[in-house]
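Trainee: Have a look at this one before I ask anything.
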Amino acid sequence: MSQRPPVEQQSLFPPRLASHFAPGTPSAPGTPVHSIQTIRRKAAGHHGPLTKILVANRGEIAIRVFRTSHELAMHTVAIYSYEDRMSAHRQKADEAYQVGKGLTPVAAYLAQDDIISIALEHGVDMIHPGYGFLSENAEFARKVEQAGLAFVGPSPEVIDALGDKTKARSIAIKIGVPVVPGTPGPVGSYEDGASFIEEHGFPVIIKAAMGGGGRGMRVVREDSEFKDAFSRAVSEAKSAFGDGTVFIERFLDKPRHIEVQILADGQGNCVHLFERDCSVQRRHQKVVEVAPATHLPEDVRQAILSDALKLAESVGYRNAGTAEFLVDQMGRHYFIEINPRIQVEHTITDLFKLVQTQNRAQKLLAYLGDLAVNGSGIKGQVGEPGLKTDVVIPKLQDRTNPDTGPPLDCSLPCEIGWRNIIVKQGPEAFAKAVRQYPGTLIMDTTWRDAHQSLLATRLRTIDMVNIAKETSYALANAYSLECWGGATFDVSMRFLYEDPWERLRTLRKLVPNIPFQALVRGANAVGYTSYADNVIYDFCKKAVENGLDIFRVFDSLNYIENVSQYFFRFICLLM
């Protein structure tokens, strides 16, 4: 396998610009190349030497890493199997290359040498394994580093130590972290497990040493089931992980499954991001996760968090990982494993972007600083508010005399606006006035778009009410305020448990001067199915009665008959 040149021999500029930096020229010694990439990197606050990342994975995790990398002004590279040539993750990267030609879809993403060759050929600095596939493969991490590339994950030695659950148990026992009673190492045959069962009795659980996700795992409650369960666990482990090694533990009935998200840098600093409760499972697969864990005694929580850090620090862990524990009905906790990678469910610990944090020490320091100064922001945990001063509400200046005039009094809603024409003269006069207006009119969509973008599922009616009267002045000359649509209904009813009709009536009273507008989907109205005409008519009637003025209609199929029925109904209602 080819090697990258030593760092001191690598160019600090793209090869295509080499002529501009020939030895002896005035600009040669480290003069920055002003390109769109350098501008983006500067804006993102990214000044490090690593600029190009390859994700050795597919699907959701690859897209998440690409998105974060783009925010950091990094260049991204995707790999794909032949069967994935039309997959979304390929389109989200700056570059994409087929990997594992002639191999099966899964084997293509396991082609270690092929992946590293692509990285070297295309100037990649680092490889992110995602989760699954090669993410816990110590051999792959070692090959990546030997090729002169950065592996975004723990060191090969740590992966080797923690990826094998029997080795991880031994580490925990050595540093005094409690573990579930079990065999001291791998069990070669079911006869070898007899002494453990004689000492601890049933029930026991057989686990794959290299496993995860519930595979290679069997619960045994009676001696008559043990031999068959053992052979099945070994067979499943060998099929799923290529290694049939298993070990045996005492089985805990109805324990709580608590896991801790950890983050560590390469300098020995390690923090936890509190815990998640993943006790709701089906066939050892997590179904529901809750953060933070509810009804967990504080002393138990602190003991688990402390042991998670102790384990990570004992092996020199770096990057993101998850330490998992069981808590029995007596409140005793036991270590079971550490997943040395970013986990599928890391988004449950939603303090900030963990995928991005793996490469951004500044984010980690900012989090630690905020935690130290302001305390935890998690509900139920004590902390001081971050804002130490009173909120300053800006004043709106009178447009007729903006320099020396007093600020506007927004205690009452503004009464001047385009809606007056609709109310007093009707829609025909309004349309005529709009066409005759010599300038450009603004349609503001903040009160609708905010639901489905930046403030998704967070913008409550009270949040709109608090700025409604000011809005009536600030946008007094607006053509309309688009404040309704399918997302508005979904967010109000399904997430915020608010009445969207009550929202419309409330805002109408506070903003009487600006036309309210709705975005409707033809015969779907604000739903996701085609409704009967009488349903659409009644919906429109109710919307107008509650304060709506303008309907912006679109149809995904551009089916004119669907749209035209709206037009006729709206005109009749507004007349």
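Following the order of the structure tokens, first chain is A, next is B, and so on, with residues numbered from 1 inside each chain and ligands from 1 in the order they appear.
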For the structure I just gave you, how does DSSP split range 41-189 of chain A - specifically, which residues are strand (DSSP E or B)? Reply as a ChimeraX atom specification.
Mentor: /A:52-55,75-80,95-98,126-128,150-151,179,182,187
Trainee: Save the residues we just selected, N, CA and C atoms, as a tab-separated table (two decimals), in the first residue's frame?
Mentor:
chain	number	residue	atom	x	y	z
A	52	LYS	N	-9.83	17.54	4.47
A	52	LYS	CA	-10.58	16.65	3.58
A	52	LYS	C	-10.86	15.34	4.29
A	53	ILE	N	-12.14	14.96	4.34
A	53	ILE	CA	-12.54	13.79	5.11
A	53	ILE	C	-13.30	12.79	4.23
A	54	LEU	N	-12.99	11.52	4.41
A	54	LEU	CA	-13.71	10.43	3.74
A	54	LEU	C	-14.51	9.68	4.79
A	55	VAL	N	-15.77	9.41	4.52
A	55	VAL	CA	-16.61	8.64	5.44
A	55	VAL	C	-16.74	7.22	4.90
A	75	HIS	N	-13.72	19.54	2.89
A	75	HIS	CA	-14.06	18.87	1.65
A	75	HIS	C	-14.42	17.43	1.99
A	76	THR	N	-15.49	16.90	1.39
A	76	THR	CA	-15.99	15.58	1.78
A	76	THR	C	-15.90	14.59	0.63
A	77	VAL	N	-15.67	13.33	1.00
A	77	VAL	CA	-15.55	12.24	0.02
A	77	VAL	C	-16.43	11.09	0.48
A	78	ALA	N	-17.27	10.59	-0.42
A	78	ALA	CA	-18.12	9.43	-0.14
A	78	ALA	C	-17.60	8.22	-0.89
A	79	ILE	N	-17.89	7.05	-0.34
A	79	ILE	CA	-17.68	5.80	-1.06
A	79	ILE	C	-19.03	5.11	-1.18
A	80	TYR	N	-19.19	4.31	-2.22
A	80	TYR	CA	-20.47	3.63	-2.42
A	80	TYR	C	-20.25	2.31	-3.15
A	95	GLU	N	-17.16	14.72	-3.40
A	95	GLU	CA	-16.65	13.72	-4.32
A	95	GLU	C	-17.19	12.36	-3.90
A	96	ALA	N	-17.33	11.44	-4.85
A	96	ALA	CA	-17.82	10.10	-4.53
A	96	ALA	C	-17.16	9.09	-5.45
A	97	TYR	N	-16.74	7.95	-4.87
A	97	TYR	CA	-16.04	6.92	-5.63
A	97	TYR	C	-16.57	5.55	-5.27
A	98	GLN	N	-16.69	4.70	-6.29
A	98	GLN	CA	-17.17	3.34	-6.04
A	98	GLN	C	-16.08	2.55	-5.33
A	126	MET	N	-8.30	12.49	6.52
A	126	MET	CA	-8.83	11.68	7.63
A	126	MET	C	-9.99	10.82	7.16
A	127	ILE	N	-10.21	9.74	7.89
A	127	ILE	CA	-11.28	8.80	7.59
A	127	ILE	C	-12.18	8.66	8.81
A	128	HIS	N	-13.47	8.88	8.61
A	128	HIS	CA	-14.48	8.70	9.67
A	128	HIS	C	-15.22	7.39	9.39
A	150	ALA	N	-5.48	10.35	9.43
A	150	ALA	CA	-6.07	10.44	10.77
A	150	ALA	C	-7.32	9.58	10.82
A	151	PHE	N	-7.42	8.76	11.86
A	151	PHE	CA	-8.61	7.94	12.07
A	151	PHE	C	-9.51	8.66	13.07
A	179	VAL	N	-18.94	-5.26	37.96
A	179	VAL	CA	-19.45	-5.93	36.77
A	179	VAL	C	-20.42	-7.02	37.20
A	182	GLY	N	-19.65	-13.10	36.25
A	182	GLY	CA	-19.56	-13.86	35.01
A	182	GLY	C	-18.26	-14.61	34.93
A	187	VAL	N	-15.56	-18.73	27.12
A	187	VAL	CA	-15.95	-20.10	27.44
A	187	VAL	C	-15.91	-20.91	26.16
Trainee: Quick one: everything within 9 Å of Ile416 in chain A, counting only C-alpha atoms, minus sequence neighbours fewer than 3 positions away in the same chain. Send it as a PDB file with all heavy atoms, in the first residue's frame.
Mentor:
ATOM      1  N   ARG A 419     -54.787  45.395   4.825  1.00  0.00           N
ATOM      2  CA  ARG A 419     -56.004  44.619   5.113  1.00  0.00           C
ATOM      3  C   ARG A 419     -57.238  45.525   5.170  1.00  0.00           C
ATOM      4  O   ARG A 419     -58.363  45.054   4.955  1.00  0.00           O
ATOM      5  CB  ARG A 419     -55.853  43.867   6.436  1.00  0.00           C
ATOM      6  CG  ARG A 419     -57.025  42.928   6.706  1.00  0.00           C
ATOM      7  CD  ARG A 419     -56.779  42.000   7.879  1.00  0.00           C
ATOM      8  NE  ARG A 419     -57.898  41.106   8.053  1.00  0.00           N
ATOM      9  CZ  ARG A 419     -58.891  41.268   8.922  1.00  0.00           C
ATOM     10  NH1 ARG A 419     -58.883  42.344   9.718  1.00  0.00           N
ATOM     11  NH2 ARG A 419     -59.878  40.396   9.007  1.00  0.00           N
ATOM     12  N   ASN A 420     -57.058  46.793   5.450  1.00  0.00           N
ATOM     13  CA  ASN A 420     -58.195  47.716   5.503  1.00  0.00           C
ATOM     14  C   ASN A 420     -58.956  47.721   4.182  1.00  0.00           C
ATOM     15  O   ASN A 420     -60.180  47.873   4.154  1.00  0.00           O
ATOM     16  CB  ASN A 420     -57.721  49.124   5.848  1.00  0.00           C
ATOM     17  CG  ASN A 420     -57.167  49.209   7.267  1.00  0.00           C
ATOM     18  OD1 ASN A 420     -57.497  48.385   8.105  1.00  0.00           O
ATOM     19  ND2 ASN A 420     -56.324  50.197   7.528  1.00  0.00           N
ATOM     20  N   SER A 472     -47.090  44.290  13.887  1.00  0.00           N
ATOM     21  CA  SER A 472     -48.123  45.051  13.168  1.00  0.00           C
ATOM     22  C   SER A 472     -47.591  46.414  12.728  1.00  0.00           C
ATOM     23  O   SER A 472     -48.048  46.967  11.720  1.00  0.00           O
ATOM     24  CB  SER A 472     -49.371  45.205  14.038  1.00  0.00           C
ATOM     25  OG  SER A 472     -49.148  46.138  15.097  1.00  0.00           O
ATOM     26  N   TYR A 473     -46.627  46.968  13.450  1.00  0.00           N
ATOM     27  CA  TYR A 473     -46.005  48.242  13.066  1.00  0.00           C
ATOM     28  C   TYR A 473     -44.832  48.017  12.114  1.00  0.00           C
ATOM     29  O   TYR A 473     -44.695  48.702  11.105  1.00  0.00           O
ATOM     30  CB  TYR A 473     -45.522  48.994  14.312  1.00  0.00           C
ATOM     31  CG  TYR A 473     -46.630  49.624  15.114  1.00  0.00           C
ATOM     32  CD1 TYR A 473     -47.193  48.957  16.192  1.00  0.00           C
ATOM     33  CD2 TYR A 473     -47.117  50.890  14.789  1.00  0.00           C
ATOM     34  CE1 TYR A 473     -48.213  49.530  16.942  1.00  0.00           C
ATOM     35  CE2 TYR A 473     -48.133  51.481  15.533  1.00  0.00           C
ATOM     36  CZ  TYR A 473     -48.680  50.791  16.601  1.00  0.00           C
ATOM     37  OH  TYR A 473     -49.693  51.368  17.326  1.00  0.00           O
ATOM     38  N   ALA A 476     -46.153  47.018   8.692  1.00  0.00           N
ATOM     39  CA  ALA A 476     -47.457  47.634   8.403  1.00  0.00           C
ATOM     40  C   ALA A 476     -47.725  47.736   6.900  1.00  0.00           C
ATOM     41  O   ALA A 476     -48.888  47.671   6.470  1.00  0.00           O
ATOM     42  CB  ALA A 476     -47.536  49.017   9.046  1.00  0.00           C
ATOM     43  N   ASN A 477     -46.699  47.876   6.100  1.00  0.00           N
ATOM     44  CA  ASN A 477     -46.892  48.026   4.666  1.00  0.00           C
ATOM     45  C   ASN A 477     -46.726  46.705   3.914  1.00  0.00           C
ATOM     46  O   ASN A 477     -46.628  46.688   2.689  1.00  0.00           O
ATOM     47  CB  ASN A 477     -45.896  49.058   4.096  1.00  0.00           C
ATOM     48  CG  ASN A 477     -46.325  49.567   2.734  1.00  0.00           C
ATOM     49  OD1 ASN A 477     -47.502  49.810   2.503  1.00  0.00           O
ATOM     50  ND2 ASN A 477     -45.370  49.726   1.822  1.00  0.00           N
ATOM     51  N   PRO A 512     -54.389  43.479  13.330  1.00  0.00           N
ATOM     52  CA  PRO A 512     -55.613  43.649  12.537  1.00  0.00           C
ATOM     53  C   PRO A 512     -55.367  44.288  11.171  1.00  0.00           C
ATOM     54  O   PRO A 512     -56.282  44.338  10.348  1.00  0.00           O
ATOM     55  CB  PRO A 512     -56.449  44.586  13.415  1.00  0.00           C
ATOM     56  CG  PRO A 512     -55.422  45.426  14.126  1.00  0.00           C
ATOM     57  CD  PRO A 512     -54.252  44.522  14.369  1.00  0.00           C
ATOM     58  N   ASN A 513     -54.157  44.771  10.934  1.00  0.00           N
ATOM     59  CA  ASN A 513     -53.916  45.616   9.760  1.00  0.00           C
ATOM     60  C   ASN A 513     -53.229  44.914   8.589  1.00  0.00           C
ATOM     61  O   ASN A 513     -53.241  45.409   7.469  1.00  0.00           O
ATOM     62  CB  ASN A 513     -53.068  46.820  10.159  1.00  0.00           C
ATOM     63  CG  ASN A 513     -51.718  46.409  10.747  1.00  0.00           C
ATOM     64  OD1 ASN A 513     -51.633  45.422  11.493  1.00  0.00           O
ATOM     65  ND2 ASN A 513     -50.672  47.143  10.411  1.00  0.00           N
ATOM     66  N   ILE A 514     -52.593  43.765   8.827  1.00  0.00           N
ATOM     67  CA  ILE A 514     -51.852  43.071   7.770  1.00  0.00           C
ATOM     68  C   ILE A 514     -52.644  41.836   7.334  1.00  0.00           C
ATOM     69  O   ILE A 514     -53.082  41.054   8.182  1.00  0.00           O
ATOM     70  CB  ILE A 514     -50.458  42.640   8.265  1.00  0.00           C
ATOM     71  CG1 ILE A 514     -49.702  43.846   8.841  1.00  0.00           C
ATOM     72  CG2 ILE A 514     -49.648  42.013   7.127  1.00  0.00           C
ATOM     73  CD1 ILE A 514     -48.388  43.469   9.508  1.00  0.00           C
TER      74      ILE A 514
END
Trainee: Could you name the residues that touch Lys469 in chain A at 7 Å or less, counting only C-alpha atoms, but leaving out those on the same chain fewer than 4 positions away, as a list in words?
Mentor: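 Selected residues are Cys410, Leu412, Pro413, Tyr473, Leu510 and Val511 of chain A.
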Trainee: Output C-alpha atoms for every residue in that selection, as a PDB file, in the first residue's frame.
Mentor:
ATOM      1  CA  CYS A 410     -46.691  49.614  20.541  1.00  0.00           C
ATOM      2  CA  LEU A 412     -51.892  48.959  20.971  1.00  0.00           C
ATOM      3  CA  PRO A 413     -51.859  47.278  17.534  1.00  0.00           C
ATOM      4  CA  TYR A 473     -46.005  48.242  13.066  1.00  0.00           C
ATOM      5  CA  LEU A 510     -53.199  41.649  17.738  1.00  0.00           C
ATOM      6  CA  VAL A 511     -52.406  42.230  14.044  1.00  0.00           C
TER       7      VAL A 511
END
Trainee: Which residues are near range 104-120 of chain A? Cut-off 7 Å, only C-alpha atoms, ignore same chain within fewer than 5 positions. Put them as a PyMOL selection string.
Mentor: chain A and resi 4+54+56-57+81+83+99+133-134+140+144
Trainee: Calculate how many Å separate CA of Gly527 in chain A from CA of Thr461 in chain A, rounding to one decimal.
Mentor: 20.4 Å
Trainee: Expressed in Å to a single decimal, how great is the separation between CA of Glu136 in chain A and CA of Phe247 in chain A?
Mentor: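 Computing it gives 19.3 Å between the two atoms.
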Trainee: Compare A:Thr445, A:Gln436, A:Gln281, A:Ser170 by their minimum atom-to-atom distance to Leu475 in chain A, counting only C-alpha atoms, and give me the closest one.
Mentor: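 The closest residue to Leu475 in chain A is A:Thr445.
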Trainee: From the set A:Val158, A:Ile462, A:Val180, A:Ala233, which residue has the shortest atom-to-atom contact distance to Ala312 in chain A, counting only C-alpha atoms?
Mentor: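 Ranked by minimum distance to Ala312 in chain A, first place goes to A:Val158.
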Trainee: Quick check for you: according to DSSP on this backbone, which residues of range 176-336 of chain A are classed as helix (DSSP H, G or I)? Reply as an MDAnalysis selection string.
Mentor: chainID A and resid 190:200 223:241 298:314
Trainee: Could you pull the residues within 6 Å of Pro203 in chain A, counting only C-alpha atoms, minus those fewer than 6 positions along the same chain, as a list in words?
Mentor: Val220, Arg221 and Phe251 of chain A
Trainee: Calculated over only C-alpha atoms, which of the candidates A:Asn319, A:Ser231, A:Ser314, A:Asn339 has the smallest distance to Leu263 in chain A?
Mentor: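 Looking only at the distances to Leu263 in chain A, the closest residue turns out to be A:Asn319.
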Trainee: Would you mind telling me which residue in A:Ala308, A:Met217, A:Ile248, A:Val526 lies nearest to Thr183 in chain A when using only C-alpha atoms?
Mentor: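 Comparing A:Ala308, A:Met217, A:Ile248, A:Val526 against Thr183 in chain A, the winner is A:Ile248.
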Trainee: Interatomic distance between CA of Ile536 in chain A and CA of Ile442 in chain A?
Mentor: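 Computing the Euclidean distance for CA of Ile536 in chain A and CA of Ile442 in chain A yields 27.8 Å.
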Trainee: Contacts of range 298-301 of chain A at 12 Å or less, counting only C-alpha atoms, minus same-chain residues fewer than 2 places along, as JSON, numbers by chain?
Mentor: {"A": [256, 258, 259, 260, 272, 274, 275, 276, 277, 292, 293, 294, 295, 296, 303, 304, 305, 306, 307, 308, 325, 326, 327, 328, 329, 330, 331, 332, 333, 334, 380, 381]}
Trainee: For Asn269 in chain A, work out the shell of residues within 9 Å, counting only C-alpha atoms and skipping chain neighbours fewer than 5 positions away, then give it as number ranges by chain.
Mentor: A: 263-264, 313, 317-318
Trainee: How about saving the chosen residues, all heavy atoms kept, as a CSV table (one decimal), in the first residue's frame?
Mentor:
chain,number,residue,atom,x,y,z
A,263,LEU,N,-17.0,11.9,26.0
A,263,LEU,CA,-16.2,12.6,25.0
A,263,LEU,C,-14.8,12.8,25.6
A,263,LEU,O,-14.7,13.2,26.8
A,263,LEU,CB,-16.8,14.0,24.7
A,263,LEU,CG,-17.9,14.0,23.7
A,263,LEU,CD1,-18.4,15.5,23.6
A,263,LEU,CD2,-17.5,13.5,22.4
A,264,ALA,N,-13.8,12.5,24.8
A,264,ALA,CA,-12.4,12.6,25.3
A,264,ALA,C,-11.5,13.1,24.2
A,264,ALA,O,-11.7,12.8,23.0
A,264,ALA,CB,-11.9,11.2,25.8
A,313,GLU,N,-10.8,6.9,31.1
A,313,GLU,CA,-9.5,7.5,31.5
A,313,GLU,C,-8.5,6.3,31.6
A,313,GLU,O,-7.3,6.5,31.3
A,313,GLU,CB,-9.6,8.3,32.7
A,313,GLU,CG,-10.3,9.6,32.5
A,313,GLU,CD,-10.7,10.3,33.8
A,313,GLU,OE1,-10.5,9.7,34.9
A,313,GLU,OE2,-11.2,11.4,33.8
A,317,TYR,N,-8.8,6.8,26.5
A,317,TYR,CA,-9.8,6.9,25.4
A,317,TYR,C,-9.8,8.3,24.8
A,317,TYR,O,-9.5,9.3,25.4
A,317,TYR,CB,-11.2,6.7,26.0
A,317,TYR,CG,-12.3,6.4,25.0
A,317,TYR,CD1,-12.5,5.1,24.6
A,317,TYR,CD2,-13.0,7.4,24.4
A,317,TYR,CE1,-13.5,4.8,23.6
A,317,TYR,CE2,-14.0,7.1,23.4
A,317,TYR,CZ,-14.2,5.8,23.0
A,317,TYR,OH,-15.1,5.6,22.1
A,318,ARG,N,-10.1,8.3,23.5
A,318,ARG,CA,-10.3,9.6,22.8
A,318,ARG,C,-11.5,9.5,21.9
A,318,ARG,O,-11.8,8.4,21.4
A,318,ARG,CB,-9.0,9.9,22.0
A,318,ARG,CG,-8.8,9.1,20.7
A,318,ARG,CD,-7.7,9.5,19.8
A,318,ARG,NE,-7.7,8.7,18.6
A,318,ARG,CZ,-6.7,8.3,17.9
A,318,ARG,NH1,-5.5,8.5,18.5
A,318,ARG,NH2,-6.8,7.6,16.8
